[in-house]
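Peer 1: Input file: data_13.csv. Contents: CSV, C-alpha atoms.
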chain,number,residue,atom,x,y,z
A,292,MET,CA,-21.3,97.4,-6.9
A,293,GLN,CA,-19.9,97.4,-3.4
A,294,VAL,CA,-19.9,94.0,-1.7
A,295,VAL,CA,-19.4,94.1,2.0
A,296,ILE,CA,-18.6,90.5,3.2
A,297,MET,CA,-19.0,89.9,6.9
A,298,ARG,CA,-18.2,86.8,9.0
A,299,HIS,CA,-20.8,86.0,11.7
A,300,GLY,CA,-20.1,87.0,15.3
A,301,ASP,CA,-18.5,84.8,17.9
A,302,ALA,CA,-20.7,81.8,18.6
A,303,VAL,CA,-21.0,79.3,21.4
A,304,LEU,CA,-19.3,75.9,20.9
A,305,GLU,CA,-21.9,73.6,22.3
A,306,ALA,CA,-25.2,73.1,20.3
A,307,ALA,CA,-27.3,70.3,19.0
A,308,SER,CA,-25.7,70.9,15.5
A,309,ASP,CA,-23.4,73.4,13.8
A,310,SER,CA,-26.4,75.1,12.1
A,311,VAL,CA,-28.1,76.0,15.4
A,312,ARG,CA,-25.0,77.5,17.3
A,313,PRO,CA,-26.1,80.8,18.7
A,314,LEU,CA,-24.0,83.9,19.1
A,315,SER,CA,-22.2,84.4,22.4
A,316,GLU,CA,-22.5,87.7,24.3
A,317,CYS,CA,-19.1,88.7,22.8
A,318,GLY,CA,-20.4,87.9,19.3
A,319,CYS,CA,-23.4,90.1,19.9
A,320,ASP,CA,-21.2,93.0,21.1
A,321,GLU,CA,-18.7,92.6,18.2
A,322,SER,CA,-21.5,92.6,15.6
A,323,VAL,CA,-23.1,95.7,17.0
A,324,HIS,CA,-19.7,97.5,17.1
A,325,MET,CA,-18.9,96.5,13.5
A,326,ALA,CA,-22.4,97.6,12.3
A,327,ALA,CA,-22.0,101.0,14.0
A,328,TRP,CA,-18.6,101.4,12.4
A,329,LEU,CA,-19.9,100.4,9.0
A,330,ASN,CA,-22.8,102.9,9.4
A,331,GLY,CA,-20.2,105.7,9.8
A,332,ARG,CA,-18.7,104.8,6.5
A,333,GLY,CA,-21.8,106.0,4.6
A,334,ILE,CA,-22.4,102.8,2.6
A,335,ASN,CA,-26.1,102.5,1.5
A,336,ILE,CA,-26.7,98.8,1.5
A,337,ASP,CA,-29.7,98.0,-0.7
A,338,ARG,CA,-29.5,94.1,-0.6
A,339,VAL,CA,-28.6,91.5,2.0
A,340,LEU,CA,-27.5,87.9,1.5
A,341,VAL,CA,-27.3,85.8,4.6
A,342,SER,CA,-26.6,82.2,5.6
A,343,PRO,CA,-29.5,80.2,7.0
A,344,TYR,CA,-27.4,79.2,10.0
A,345,LEU,CA,-28.6,80.7,13.3
A,346,ARG,CA,-25.4,82.6,14.2
A,347,ALA,CA,-25.4,84.4,10.8
A,348,GLN,CA,-29.1,85.2,11.2
A,349,GLN,CA,-28.5,86.6,14.7
A,350,THR,CA,-25.5,88.6,13.4
A,351,LEU,CA,-27.7,90.2,10.9
A,352,GLU,CA,-30.3,91.0,13.6
A,353,LYS,CA,-27.5,92.7,15.6
A,354,VAL,CA,-26.3,94.6,12.5
A,355,ARG,CA,-29.8,95.9,11.8
A,356,GLN,CA,-29.9,97.5,15.2
A,357,CYS,CA,-27.1,99.9,14.2
A,358,LEU,CA,-26.8,100.0,10.4
A,359,ALA,CA,-29.2,102.3,8.6
A,360,LEU,CA,-30.8,99.8,6.2
A,361,PRO,CA,-33.9,100.8,4.1
A,362,GLU,CA,-37.1,99.4,5.7
A,363,ASN,CA,-37.8,97.5,2.5
A,364,VAL,CA,-34.3,96.1,2.1
A,365,GLU,CA,-34.4,92.7,0.3
A,366,ILE,CA,-32.9,89.9,2.4
A,367,ASP,CA,-32.1,86.7,0.7
A,368,ILE,CA,-31.3,83.6,2.7
A,369,LEU,CA,-28.9,81.5,0.6
A,370,LYS,CA,-28.0,77.9,1.4
A,371,GLU,CA,-24.8,78.5,-0.6
A,372,LEU,CA,-23.6,80.8,2.2
A,373,THR,CA,-23.0,78.0,4.7
A,374,PRO,CA,-19.4,77.1,5.7
A,375,GLY,CA,-19.0,74.5,2.9
A,376,GLY,CA,-20.9,76.6,0.3
A,377,ASP,CA,-19.6,77.2,-3.2
A,378,PRO,CA,-18.0,80.6,-3.6
A,379,ALA,CA,-18.4,80.5,-7.4
A,380,LEU,CA,-22.2,80.2,-7.0
A,381,VAL,CA,-22.2,83.1,-4.6
A,382,ALA,CA,-20.0,85.2,-6.9
A,383,SER,CA,-22.4,84.4,-9.8
A,384,GLU,CA,-25.4,85.6,-7.7
A,385,LEU,CA,-23.4,88.8,-6.8
A,386,GLN,CA,-22.5,89.4,-10.5
A,387,HIS,CA,-26.2,89.0,-11.4
A,388,LEU,CA,-27.2,91.6,-8.7
A,389,ALA,CA,-24.5,94.0,-10.0
A,390,GLN,CA,-25.9,93.7,-13.6
A,391,THR,CA,-29.4,94.5,-12.3
A,392,GLY,CA,-28.3,97.8,-10.8
A,393,VAL,CA,-27.9,96.9,-7.1
A,394,ASN,CA,-25.4,99.4,-5.6
A,395,ALA,CA,-24.3,97.7,-2.4
A,396,VAL,CA,-24.7,94.3,-0.9
A,397,LEU,CA,-24.0,93.0,2.6
A,398,VAL,CA,-23.1,89.3,2.7
A,399,VAL,CA,-23.2,87.6,6.1
A,400,SER,CA,-21.6,84.1,6.1
A,401,HIS,CA,-18.9,81.8,7.6
A,402,LEU,CA,-15.3,80.7,7.4
A,403,PRO,CA,-14.0,79.4,5.1
A,404,LEU,CA,-16.5,80.7,2.6
A,405,VAL,CA,-16.0,84.4,3.3
A,406,GLY,CA,-12.3,84.2,2.5
A,407,TYR,CA,-12.8,82.1,-0.6
A,408,LEU,CA,-15.5,84.5,-1.8
A,409,VAL,CA,-13.1,87.4,-1.7
A,410,ALA,CA,-10.6,85.3,-3.7
A,411,GLU,CA,-13.3,84.2,-6.2
A,412,LEU,CA,-14.4,87.9,-6.8
A,413,CYS,CA,-10.8,89.2,-7.0
A,414,PRO,CA,-8.6,86.9,-9.1
A,415,GLY,CA,-5.0,87.0,-7.8
A,416,VAL,CA,-6.0,87.8,-4.2
A,417,CYS,CA,-5.3,85.1,-1.6
A,418,PRO,CA,-8.3,84.2,0.6
A,419,PRO,CA,-8.0,86.5,3.6
A,420,MET,CA,-8.6,85.2,7.1
A,421,PHE,CA,-11.6,86.7,8.9
A,422,ALA,CA,-11.9,87.2,12.6
A,423,THR,CA,-15.5,86.8,14.0
A,424,SER,CA,-17.6,89.8,12.9
A,425,ALA,CA,-14.8,91.0,10.6
A,426,MET,CA,-15.8,92.8,7.3
A,427,ALA,CA,-14.2,93.1,4.0
A,428,SER,CA,-15.2,95.2,1.0
A,429,VAL,CA,-14.9,94.3,-2.7
A,430,GLU,CA,-15.8,96.7,-5.5
A,431,LEU,CA,-17.4,94.5,-8.2
A,432,ASN,CA,-17.4,95.6,-11.9
A,433,ALA,CA,-20.9,94.8,-13.3
A,434,GLN,CA,-19.6,94.5,-16.9
A,435,THR,CA,-16.5,92.4,-16.3
A,436,GLY,CA,-17.5,90.5,-13.1
A,437,GLN,CA,-14.1,91.3,-11.7
A,438,GLY,CA,-13.7,92.7,-8.2
A,439,SER,CA,-11.1,94.8,-6.5
A,440,PHE,CA,-10.3,94.2,-2.8
A,441,ASP,CA,-10.8,97.6,-1.0
A,442,TRP,CA,-10.4,97.0,2.7
A,443,GLN,CA,-10.8,94.6,5.6
A,444,PHE,CA,-11.4,95.4,9.3
A,445,SER,CA,-11.9,93.3,12.4
A,446,PRO,CA,-13.6,94.2,15.7
A,447,CYS,CA,-10.3,94.6,17.5
A,448,GLN,CA,-9.2,97.2,14.9
A,449,VAL,CA,-12.5,99.1,15.0
A,450,MET,CA,-12.8,98.9,18.8
A,451,ALA,CA,-9.2,100.1,19.3
A,452,LYS,CA,-10.1,103.3,17.5
A,453,VAL,CA,-13.0,104.1,19.9
Would it be possible to restate this file's structure as structure tokens?

Peer 2:
Amino acid sequence: MQVVIMRHGDAVLEAASDSVRPLSECGCDESVHMAAWLNGRGINIDRVLVSPYLRAQQTLEKVRQCLALPENVEIDILKELTPGGDPALVASELQHLAQTGVNAVLVVSHLPLVGYLVAELCPGVCPPMFATSAMASVELNAQTGQGSFDWQFSPCQVMAKV
């Protein structure tokens, strides 16, 4: 199963609480560019896992504008996908999805969880840093639960190629 892990787009700093920080205009633009780039890679996402925080929800909304997702794609909001979430619990959920035949999952979350999740899925890989709206791909073996780190791209890399 392919797991595409995305950090939310750039968010404003001032808000009533961390969970309600909205995307900035830059964060909206970055997320749209990354979604268009991912769409060009021909990955058929059939499940989405997203943080309940506003900026992650808004990132997913922007992604859906450019990424060809099935109309009936299942979207699960997981409290484990918040910044302080447990990467082992998220990895366990992903392993379960792989065993049930899901082919590709998009995960939209936060630092530091996104980096720790890559490391949790791919033993021996150091947690990579993620710029806002950056994406990484892990190929997860349904039988062993082990992942291999395929690629990572950030908006500045993708937008430089345009």

Peer 1: At what distance in Å, to one decimal, does atom CA of Leu404 of chain A lie from atom CA of Gln349 of chain A?

Peer 2: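 So the two atoms, atom CA of Gln349 of chain A and atom CA of Leu404 of chain A, lie 18.0 Å apart.
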
Peer 1: So, counting all atoms listed in the file, which residue among A:Gly375, A:Pro343, A:Gly331, A:Pro414 is closest to Val449 of chain A?

Peer 2: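 Answer, going by the shortest atom-to-atom distance: A:Gly331.
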
Peer 1: Got a sec: who's within 10 Å of Met420 of chain A, counting all atoms listed in the file, leaving out chain neighbours fewer than 4 positions off, as a list in words?

Peer 2: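 Everything that qualifies: Arg298, Leu402, Pro403, Val405, Gly406, Tyr407, Ala425 and Gln443 of chain A.
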
Peer 1: Name the residues within 10 Å of (-22.3, 93.9, -13.5), counting only C-alpha atoms in the file's coordinates, and put them as a VMD selection string.

Peer 2: chain A and resid 292 385 to 393 431 to 437

Peer 1: Could you please give me, as JSON, numbers by chain, the residues of protein, DNA or RNA lying at most 10 Å from (-10.9, 98.0, 16.1) in the coordinate frame of the file, considering all atoms listed in the file?

Peer 2: {"A": [321, 324, 325, 328, 425, 444, 445, 446, 447, 448, 449, 450, 451, 452, 453]}

Peer 1: Just how far from atom CA of Ala307 of chain A is atom CA of Ile366 of chain A, in Å to one decimal?

Peer 2: 26.3 Å

Peer 1: Separation of atom CA of Ser342 of chain A and atom CA of Leu358 of chain A, in Å?

Peer 2: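 One can read the atom CA of Ser342 of chain A to atom CA of Leu358 of chain A distance as 18.4 Å.
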
Peer 1: With all atoms listed in the file as the atoms that count, which of A:Val429, A:Cys317, A:Leu372, A:Val294 lies nearest to Asn394 of chain A?

Peer 2: A:Val294

Peer 1: Write out as a VMD selection string the residues lying within 8 Å of Val341 of chain A, counting all atoms listed in the file and excluding same-chain residues fewer than 2 positions away.

Peer 2: chain A and resid 339 343 347 to 348 351 366 to 369 372 398 to 400

Peer 1: Skip Gly318 of chain A itself and residues of its chain fewer than 3 positions away, then list as a count of residues only all residues within 9 Å of it, counting all atoms listed in the file.

Peer 2: 14

Peer 1: Would you mind telling me which residue in A:Ala306, A:Val311, A:Leu408, A:Ile334 lies nearest to Ala395 of chain A when using only C-alpha atoms?

Peer 2: A:Ile334

Peer 1: Of the candidates A:Ser308, A:Leu329, A:Asp377, A:Glu352, which shows the shortest atom-to-atom distance to Ser428 of chain A, using all atoms listed in the file?

Peer 2: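 Closest to Ser428 of chain A, using all atoms listed in the file: A:Leu329.
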
Peer 1: Restricting the calculation to only C-alpha atoms, which member of A:Ala327, A:Cys417, A:Ile336, A:Ala382 is positioned closest to Pro361 of chain A?

Peer 2: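 Of the candidates, the smallest distance to Pro361 of chain A is held by A:Ile336.
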
Peer 1: Give the answer as one residue: which of A:Asp441, A:Glu371, A:Glu384, A:Asp320 has the shortest atom-to-atom distance to Val416 of chain A, using only C-alpha atoms?

Peer 2: A:Asp441
